[in-house]
Amino acid sequence: MKHIFSISLISLFFLISISFQTKAQISNQPLKMPEIGYPWKKSELLEPSVLAGVIQSGKEEIAILNIGAVEDLPGALHIGAVSDERNMTKLRHLLVNLPKHKPVVIYCGCCPFTKCPNIQPAYQELSKNGFTQIKVLDLPTNLQTNWISRGYPIAKKQTNK
């Protein structure tokens, strides 16, 4: 009888441990990319909802740099894709007149920011030039999905008359 009880106890323990392992492997949370290989820290990622709030309040003085070929956010300076050397030169010229202590938000939005050919070079250029408050707009998919479809503001397009 003691032998059957021991086997039952071991079987129960085994089933419980499998149950916990299965639950631990299934998650509704999105998979986060590891920080390894990126020049920015997790604390330098800026959630779209936070930037939208800052833009709508108009109270905080920040520089927003569009370093891609997507729509401009309100108040953004359109640099263009810095993977193109001409646009990187535009960024370098702009940085000369920008206060190094001023918060600077960079975004591209053409693709997931972790794979973007523009984010990392722009971040490194800002860092190399002594900027201390760099933020990368956290767009895991793209500007359309993570900003526009959520109803966050976009700059009005200028029309030529």
# chains A, B, ... in the order shown; residues from 1 in each chain; ligands from 1
call {"tool": "residues_around", "arguments": {"residues": "Leu51 of chain A", "least_positions_apart": "6", "cutoff": "10 Å", "atoms": "only C-alpha atoms", "output": "short mmCIF file (atom, residue, chain, number, x, y, z; two decimals) with N, CA and C atoms, in the first residue's frame"}}
result
data_model
loop_
_atom_site.label_atom_id
_atom_site.label_comp_id
_atom_site.auth_asym_id
_atom_site.auth_seq_id
_atom_site.Cartn_x
_atom_site.Cartn_y
_atom_site.Cartn_z
N SER A 57 -0.52 68.32 -25.00
CA SER A 57 -0.46 69.30 -23.91
C SER A 57 0.27 70.56 -24.35
N ILE A 62 10.25 69.86 -26.52
CA ILE A 62 11.03 68.73 -27.01
C ILE A 62 11.29 68.91 -28.50
N ILE A 64 11.31 66.79 -31.93
CA ILE A 64 10.87 65.53 -32.53
C ILE A 64 11.47 65.48 -33.92
N LEU A 73 4.84 63.93 -37.39
CA LEU A 73 4.04 64.18 -36.20
C LEU A 73 4.00 65.69 -36.01
N VAL A 105 13.33 63.32 -29.47
CA VAL A 105 12.64 62.07 -29.80
C VAL A 105 12.90 61.79 -31.27
N LEU A 137 11.09 56.59 -30.24
CA LEU A 137 9.66 56.30 -30.22
C LEU A 137 9.46 54.81 -30.45
N ASP A 138 8.81 54.16 -29.51
CA ASP A 138 8.61 52.71 -29.53
C ASP A 138 7.51 52.35 -30.52
N TYR A 152 -3.67 58.96 -32.76
CA TYR A 152 -2.73 59.98 -32.28
C TYR A 152 -2.52 61.01 -33.39
#
call {"tool": "residues_around", "arguments": {"residues": "segment 106-115 of chain A", "least_positions_apart": "4", "cutoff": "12 Å", "atoms": "only C-alpha atoms", "output": "VMD selection string"}}
result
chain A and resid 32 to 40 44 to 48 51 62 to 73 76 to 83 91 119 to 126 133 to 148
call {"tool": "atom_distance", "arguments": {"atom1": "atom CA of Leu98 of chain A", "atom2": "atom CA of Gly130 of chain A"}}
result
10.9 Å
call {"tool": "select_by_dssp", "arguments": {"residues": "segment 35-134 of chain A", "states": "strand (DSSP E or B)", "output": "list in words"}}
result
Leu45, Leu46, Ala63, Ile64, Leu65, Asn66, Leu77, His78, Val104, Val105, Ile106, Tyr107 and Ile134 of chain A
call {"tool": "atom_distance", "arguments": {"atom1": "atom CA of Ile154 of chain A", "atom2": "atom CA of Gly75 of chain A"}}
result
9.3 Å
call {"tool": "atom_distance", "arguments": {"atom1": "atom CA of Pro74 of chain A", "atom2": "atom CA of Lys59 of chain A"}}
result
13.6 Å
call {"tool": "closest_residue", "arguments": {"among": "A:Val96, A:Gly151, A:Pro103, A:Met88", "to": "Pro117 of chain A", "atoms": "only C-alpha atoms"}}
result
A:Met88
call {"tool": "decode", "arguments": {"residues": "segment 39-160 of chain A", "atoms": "C-alpha atoms", "output": "mmCIF file, in the first residue's frame"}}
result
data_model
loop_
_atom_site.group_PDB
_atom_site.id
_atom_site.type_symbol
_atom_site.label_atom_id
_atom_site.label_comp_id
_atom_site.auth_asym_id
_atom_site.auth_seq_id
_atom_site.Cartn_x
_atom_site.Cartn_y
_atom_site.Cartn_z
ATOM 1 C CA PRO A 39 22.699 51.286 -28.608
ATOM 2 C CA TRP A 40 19.692 52.574 -26.625
ATOM 3 C CA LYS A 41 18.565 51.459 -23.193
ATOM 4 C CA LYS A 42 15.054 50.265 -22.441
ATOM 5 C CA SER A 43 14.561 53.463 -20.418
ATOM 6 C CA GLU A 44 15.158 55.462 -23.619
ATOM 7 C CA LEU A 45 12.152 53.943 -25.386
ATOM 8 C CA LEU A 46 9.138 56.257 -25.429
ATOM 9 C CA GLU A 47 5.633 54.841 -25.643
ATOM 10 C CA PRO A 48 3.442 56.437 -28.335
ATOM 11 C CA SER A 49 0.725 57.325 -25.801
ATOM 12 C CA VAL A 50 3.249 59.324 -23.757
ATOM 13 C CA LEU A 51 4.497 61.307 -26.752
ATOM 14 C CA ALA A 52 0.913 61.901 -27.931
ATOM 15 C CA GLY A 53 0.124 63.337 -24.490
ATOM 16 C CA VAL A 54 3.176 65.608 -24.591
ATOM 17 C CA ILE A 55 2.254 66.841 -28.081
ATOM 18 C CA GLN A 56 -1.379 67.464 -27.128
ATOM 19 C CA SER A 57 -0.464 69.299 -23.910
ATOM 20 C CA GLY A 58 2.046 71.554 -25.663
ATOM 21 C CA LYS A 59 3.691 72.188 -22.287
ATOM 22 C CA GLU A 60 6.979 70.354 -22.681
ATOM 23 C CA GLU A 61 9.664 71.647 -25.013
ATOM 24 C CA ILE A 62 11.028 68.727 -27.013
ATOM 25 C CA ALA A 63 12.574 68.192 -30.419
ATOM 26 C CA ILE A 64 10.869 65.530 -32.526
ATOM 27 C CA LEU A 65 12.918 64.322 -35.469
ATOM 28 C CA ASN A 66 11.345 62.358 -38.310
ATOM 29 C CA ILE A 67 14.333 60.430 -39.600
ATOM 30 C CA GLY A 68 12.312 58.375 -42.062
ATOM 31 C CA ALA A 69 10.064 58.733 -45.070
ATOM 32 C CA VAL A 70 6.743 58.607 -43.196
ATOM 33 C CA GLU A 71 4.196 61.200 -42.089
ATOM 34 C CA ASP A 72 5.294 63.959 -39.748
ATOM 35 C CA LEU A 73 4.040 64.181 -36.199
ATOM 36 C CA PRO A 74 2.952 67.658 -35.069
ATOM 37 C CA GLY A 75 6.043 69.789 -34.501
ATOM 38 C CA ALA A 76 8.409 67.222 -36.016
ATOM 39 C CA LEU A 77 11.364 68.304 -38.082
ATOM 40 C CA HIS A 78 11.431 66.206 -41.248
ATOM 41 C CA ILE A 79 14.979 65.015 -41.884
ATOM 42 C CA GLY A 80 14.232 62.070 -44.139
ATOM 43 C CA ALA A 81 15.753 58.607 -44.105
ATOM 44 C CA VAL A 82 19.218 58.990 -42.568
ATOM 45 C CA SER A 83 20.319 55.792 -44.280
ATOM 46 C CA ASP A 84 20.726 58.210 -47.213
ATOM 47 C CA GLU A 85 23.962 60.157 -46.632
ATOM 48 C CA ARG A 86 22.351 63.450 -47.781
ATOM 49 C CA ASN A 87 19.780 63.172 -44.988
ATOM 50 C CA MET A 88 22.437 62.188 -42.446
ATOM 51 C CA THR A 89 24.241 65.395 -43.432
ATOM 52 C CA LYS A 90 20.974 67.323 -42.839
ATOM 53 C CA LEU A 91 20.747 65.735 -39.385
ATOM 54 C CA ARG A 92 24.350 66.678 -38.559
ATOM 55 C CA HIS A 93 23.725 70.311 -39.584
ATOM 56 C CA LEU A 94 20.556 70.440 -37.480
ATOM 57 C CA LEU A 95 22.308 69.060 -34.396
ATOM 58 C CA VAL A 96 24.807 71.935 -34.376
ATOM 59 C CA ASN A 97 22.034 74.367 -33.349
ATOM 60 C CA LEU A 98 20.060 72.059 -31.057
ATOM 61 C CA PRO A 99 20.691 72.343 -27.279
ATOM 62 C CA LYS A 100 22.363 69.134 -26.066
ATOM 63 C CA HIS A 101 20.281 69.036 -22.863
ATOM 64 C CA LYS A 102 16.958 69.300 -24.730
ATOM 65 C CA PRO A 103 14.870 66.102 -24.973
ATOM 66 C CA VAL A 104 15.072 64.694 -28.508
ATOM 67 C CA VAL A 105 12.637 62.075 -29.799
ATOM 68 C CA ILE A 106 13.570 60.189 -32.953
ATOM 69 C CA TYR A 107 11.234 58.081 -35.033
ATOM 70 C CA CYS A 108 11.048 56.553 -38.477
ATOM 71 C CA GLY A 109 7.991 54.303 -38.612
ATOM 72 C CA CYS A 110 8.718 52.618 -41.950
ATOM 73 C CA CYS A 111 9.095 49.236 -40.263
ATOM 74 C CA PRO A 112 9.655 47.783 -36.759
ATOM 75 C CA PHE A 113 12.106 50.162 -35.077
ATOM 76 C CA THR A 114 14.366 47.262 -34.063
ATOM 77 C CA LYS A 115 14.956 46.479 -37.760
ATOM 78 C CA CYS A 116 14.920 50.034 -39.055
ATOM 79 C CA PRO A 117 17.929 51.195 -41.106
ATOM 80 C CA ASN A 118 17.462 54.769 -39.819
ATOM 81 C CA ILE A 119 16.956 54.580 -36.049
ATOM 82 C CA GLN A 120 20.321 53.182 -34.992
ATOM 83 C CA PRO A 121 22.480 55.565 -37.097
ATOM 84 C CA ALA A 122 20.461 58.586 -35.932
ATOM 85 C CA TYR A 123 20.657 57.494 -32.293
ATOM 86 C CA GLN A 124 24.412 56.982 -32.572
ATOM 87 C CA GLU A 125 24.861 60.403 -34.193
ATOM 88 C CA LEU A 126 22.927 62.104 -31.383
ATOM 89 C CA SER A 127 24.861 60.191 -28.745
ATOM 90 C CA LYS A 128 28.218 60.911 -30.396
ATOM 91 C CA ASN A 129 27.348 64.627 -30.391
ATOM 92 C CA GLY A 130 26.708 64.696 -26.640
ATOM 93 C CA PHE A 131 22.907 64.668 -26.499
ATOM 94 C CA THR A 132 21.826 63.456 -23.073
ATOM 95 C CA GLN A 133 18.050 63.060 -23.377
ATOM 96 C CA ILE A 134 17.540 60.877 -26.437
ATOM 97 C CA LYS A 135 14.270 58.979 -26.757
ATOM 98 C CA VAL A 136 13.370 56.422 -29.419
ATOM 99 C CA LEU A 137 9.661 56.300 -30.215
ATOM 100 C CA ASP A 138 8.614 52.710 -29.529
ATOM 101 C CA LEU A 139 6.989 51.641 -32.807
ATOM 102 C CA PRO A 140 7.182 47.820 -32.722
ATOM 103 C CA THR A 141 5.347 47.484 -36.064
ATOM 104 C CA ASN A 142 5.280 50.837 -37.902
ATOM 105 C CA LEU A 143 3.840 54.348 -37.673
ATOM 106 C CA GLN A 144 0.514 53.345 -39.240
ATOM 107 C CA THR A 145 -0.157 50.532 -36.756
ATOM 108 C CA ASN A 146 1.354 51.978 -33.597
ATOM 109 C CA TRP A 147 0.421 55.655 -34.016
ATOM 110 C CA ILE A 148 -2.037 56.581 -36.765
ATOM 111 C CA SER A 149 -4.525 53.729 -36.217
ATOM 112 C CA ARG A 150 -4.692 54.656 -32.521
ATOM 113 C CA GLY A 151 -5.872 58.148 -33.392
ATOM 114 C CA TYR A 152 -2.731 59.977 -32.285
ATOM 115 C CA PRO A 153 -2.107 63.316 -34.021
ATOM 116 C CA ILE A 154 -0.423 63.698 -37.403
ATOM 117 C CA ALA A 155 0.769 67.030 -38.796
ATOM 118 C CA LYS A 156 -1.543 68.570 -41.324
ATOM 119 C CA LYS A 157 -0.189 68.235 -44.845
ATOM 120 C CA GLN A 158 0.784 71.488 -46.462
ATOM 121 C CA THR A 159 -0.711 72.085 -49.866
ATOM 122 C CA ASN A 160 0.940 74.145 -52.578
#
